[in-house]
file protein.txt (compact mmCIF, C-alpha atoms)
# COMPACT_ATOMS: atom_id res chain seq x y z
CA MET A 1 68.30 128.79 96.20
CA THR A 2 71.44 130.69 97.04
CA TRP A 3 72.87 133.79 95.34
CA ASP A 4 76.33 135.30 95.66
CA GLY A 5 77.27 138.77 94.41
CA ASN A 6 75.28 141.39 92.57
CA VAL A 7 72.77 140.54 89.86
CA ALA A 8 75.03 141.50 86.93
CA ARG A 9 78.14 139.57 87.94
CA GLY A 10 76.87 137.18 90.58
CA ALA A 11 75.51 133.69 90.30
CA GLY A 12 73.10 131.42 92.09
CA ARG A 13 72.36 127.76 92.64
CA ILE A 14 68.94 126.11 92.67
CA SER A 15 68.03 122.75 94.21
CA GLY A 16 64.77 120.85 94.32
CA ASP A 17 63.39 119.62 97.61
CA THR A 18 63.08 116.09 96.21
CA GLY A 19 66.78 115.88 95.39
CA ALA A 20 65.99 115.27 91.72
CA PHE A 21 68.25 118.22 90.91
CA THR A 22 70.86 119.76 93.15
CA ASP A 23 72.92 122.93 92.90
CA LEU A 24 71.97 123.85 89.32
CA PRO A 25 73.97 126.99 88.54
CA PHE A 26 72.09 130.00 87.17
CA SER A 27 72.89 133.62 86.40
CA LEU A 28 71.70 136.77 84.68
CA PRO A 29 73.83 136.10 81.58
CA ALA A 30 72.08 132.71 81.23
CA ARG A 31 68.78 134.61 80.98
CA ILE A 32 69.99 136.71 78.06
CA GLY A 33 71.85 134.21 75.92
CA ARG A 34 75.30 133.48 77.38
CA VAL A 35 74.35 130.15 78.87
CA GLU A 36 77.84 128.76 79.62
CA GLY A 37 76.46 125.65 81.32
CA LYS A 38 74.03 127.56 83.55
CA THR A 39 70.24 127.51 83.62
CA SER A 40 67.69 130.26 84.12
CA PRO A 41 64.25 130.55 85.71
CA GLU A 42 62.81 130.73 82.19
CA GLU A 43 64.46 127.44 81.20
CA LEU A 44 63.09 125.79 84.33
CA LEU A 45 59.59 127.12 83.53
CA ALA A 46 59.90 125.87 79.93
CA SER A 47 60.92 122.43 81.20
CA ALA A 48 58.03 122.36 83.66
CA HIS A 49 55.55 123.38 80.95
CA ALA A 50 56.91 120.70 78.60
CA GLY A 51 56.77 118.06 81.33
CA CYS A 52 53.22 118.97 82.29
CA LEU A 53 51.97 118.88 78.69
CA GLY A 54 53.85 115.66 77.93
CA MET A 55 52.40 113.87 80.94
CA GLY A 56 48.93 115.18 80.17
CA LEU A 57 49.18 114.03 76.57
CA ALA A 58 50.36 110.57 77.66
CA SER A 59 47.31 110.38 79.89
CA GLU A 60 44.99 111.45 77.06
CA LEU A 61 46.55 108.94 74.65
CA ALA A 62 46.46 105.99 77.10
CA ASN A 63 48.55 104.03 74.61
CA PRO A 64 51.55 102.05 75.90
CA ASP A 65 53.17 102.20 72.44
CA ALA A 66 52.98 106.00 72.16
CA ARG A 67 56.10 108.16 72.12
CA VAL A 68 55.88 111.91 72.66
CA GLU A 69 58.63 114.54 72.51
CA VAL A 70 57.85 118.02 73.84
CA ARG A 71 60.07 121.10 73.59
CA THR A 72 59.02 124.42 75.04
CA THR A 73 60.58 127.85 74.63
CA ILE A 74 59.73 130.71 76.98
CA ARG A 75 60.09 134.27 75.66
CA MET A 76 60.59 137.23 77.95
CA ASP A 77 60.32 140.82 76.73
CA GLU A 78 60.07 144.36 78.02
CA VAL A 79 56.41 145.33 78.54
CA ASP A 80 55.55 149.03 78.78
CA GLY A 81 55.03 150.02 82.38
CA LYS A 82 55.60 146.47 83.67
CA GLY A 83 59.30 145.77 83.09
CA HIS A 84 60.50 142.38 81.88
CA GLN A 85 57.66 139.91 81.59
CA ILE A 86 57.17 136.41 80.24
CA VAL A 87 55.14 137.06 77.10
CA ALA A 88 55.06 133.72 75.27
CA SER A 89 55.45 129.99 75.63
CA THR A 90 55.86 128.10 72.38
CA VAL A 91 55.44 124.35 72.55
CA ALA A 92 56.51 121.91 69.84
CA ILE A 93 55.18 118.37 70.21
CA ARG A 94 56.12 115.44 68.04
CA GLY A 95 54.41 112.12 68.51
CA ARG A 96 54.31 108.55 67.31
CA VAL A 97 51.06 106.85 68.20
CA PRO A 98 50.17 103.62 66.41
CA GLY A 99 46.58 103.53 65.21
CA LEU A 100 45.77 107.20 65.90
CA SER A 101 44.44 109.49 63.17
CA ALA A 102 45.71 113.05 62.68
CA GLU A 103 42.32 114.38 63.80
CA GLU A 104 42.34 112.28 66.99
CA TRP A 105 45.92 113.42 67.65
CA GLN A 106 44.95 117.10 67.51
CA GLU A 107 41.96 116.45 69.81
CA LYS A 108 44.22 114.71 72.35
CA VAL A 109 46.78 117.54 72.19
CA ALA A 110 44.06 120.17 72.72
CA ALA A 111 42.67 118.23 75.70
CA ALA A 112 46.16 117.89 77.21
CA ASP A 113 46.78 121.63 76.81
CA ALA A 114 43.38 122.46 78.35
CA GLY A 115 44.14 120.20 81.32
CA CYS A 116 47.74 121.31 81.89
CA PRO A 117 48.01 123.54 84.99
CA PHE A 118 51.09 125.28 83.55
CA SER A 119 49.26 126.17 80.32
CA THR A 120 46.35 127.47 82.40
CA LEU A 121 48.63 129.48 84.68
CA LEU A 122 50.44 131.08 81.75
CA LYS A 123 47.26 131.85 79.80
CA ASN A 124 45.58 133.34 82.89
CA ALA A 125 48.64 135.59 83.30
CA GLY A 126 48.19 136.91 79.75
CA VAL A 127 51.02 134.86 78.23
CA GLU A 128 50.57 133.76 74.63
CA VAL A 129 50.71 129.94 74.60
CA THR A 130 51.19 128.35 71.19
CA VAL A 131 51.12 124.58 70.79
CA ASN A 132 52.29 123.05 67.50
CA ALA A 133 51.85 119.29 67.35
CA GLU A 134 53.07 116.95 64.65
CA LEU A 135 52.11 113.30 64.36
CA GLU A 136 54.69 111.13 62.62
CA GLU A 137 53.35 109.54 59.47
CA GLY A 138 52.78 105.84 59.29
CA THR A 139 51.55 105.55 62.84
call {"tool": "encode", "arguments": {"input": "protein.txt", "output": "structure tokens"}}
result
Amino acid sequence: MTWDGNVARGAGRISGDTGAFTDLPFSLPARIGRVEGKTSPEELLASAHAGCLGMGLASELANPDARVEVRTTIRMDEVDGKGHQIVASTVAIRGRVPGLSAEEWQEKVAAADAGCPFSTLLKNAGVEVTVNAELEEGT
């Protein structure tokens, strides 16, 4: 990570050690809604949480014909006496799993959430984690 300038007008770049992503631009305005092609630590956390839950759910399903889409939104807010804190992670999962009942789907989603290290980390930090999972009909 590199950062140039002050926090209000400066900008940074983030790279992963694996080389999977390099020089992703990020800035304070990207954290508060003026994205302009830049990312934020919250977006990276949301992506990591979605990836973790998606992989965990694929493992729980163990079905080569399954398709899962996961979208996660991180919410940050001012917390009295603590400053800006991550207060919520809302996960929306949509799946297509041939031969799986709605009840089995919900059980698999709950198991994936329970086994996801990012869900555990967030919950242990007092973050509200909400997982909404929809199974496409006709599967």
call {"tool": "atom_distance", "arguments": {"input": "protein.txt", "atom1": "atom CA of Glu60 of chain A", "atom2": "atom CA of Cys116 of chain A"}}
result
11.3 Å
call {"tool": "residues_near_point", "arguments": {"input": "protein.txt", "point": "(62.8, 128.4, 76.6)", "cutoff": "9 Å", "atoms": "only C-alpha atoms", "output": "PDB file with C-alpha atoms, in the coordinates of the input"}}
result
ATOM      1  CA  GLU A  42      62.810 130.730  82.190  1.00  0.00           C
ATOM      2  CA  GLU A  43      64.460 127.440  81.200  1.00  0.00           C
ATOM      3  CA  LEU A  44      63.090 125.790  84.330  1.00  0.00           C
ATOM      4  CA  LEU A  45      59.590 127.120  83.530  1.00  0.00           C
ATOM      5  CA  ALA A  46      59.900 125.870  79.930  1.00  0.00           C
ATOM      6  CA  SER A  47      60.920 122.430  81.200  1.00  0.00           C
ATOM      7  CA  ARG A  71      60.070 121.100  73.590  1.00  0.00           C
ATOM      8  CA  THR A  72      59.020 124.420  75.040  1.00  0.00           C
ATOM      9  CA  THR A  73      60.580 127.850  74.630  1.00  0.00           C
ATOM     10  CA  ILE A  74      59.730 130.710  76.980  1.00  0.00           C
ATOM     11  CA  ARG A  75      60.090 134.270  75.660  1.00  0.00           C
ATOM     12  CA  SER A  89      55.450 129.990  75.630  1.00  0.00           C
ATOM     13  CA  THR A  90      55.860 128.100  72.380  1.00  0.00           C
TER      14      THR A  90
END
call {"tool": "atom_distance", "arguments": {"input": "protein.txt", "atom1": "atom CA of Ser119 of chain A", "atom2": "atom CA of Gly81 of chain A"}}
result
24.6 Å
call {"tool": "closest_residue", "arguments": {"input": "protein.txt", "among": "A:Ala92, A:Glu104, A:Gly19, A:Pro25", "to": "Asp4 of chain A", "atoms": "all atoms listed in the file"}}
result
A:Pro25
call {"tool": "closest_residue", "arguments": {"input": "protein.txt", "among": "A:Ala110, A:Leu57, A:Ile32, A:Met1", "to": "Asp17 of chain A", "atoms": "all atoms listed in the file"}}
result
A:Met1
call {"tool": "closest_residue", "arguments": {"input": "protein.txt", "among": "A:Leu122, A:Val68, A:Glu137, A:Val87", "to": "Ser101 of chain A", "atoms": "all atoms listed in the file"}}
result
A:Glu137
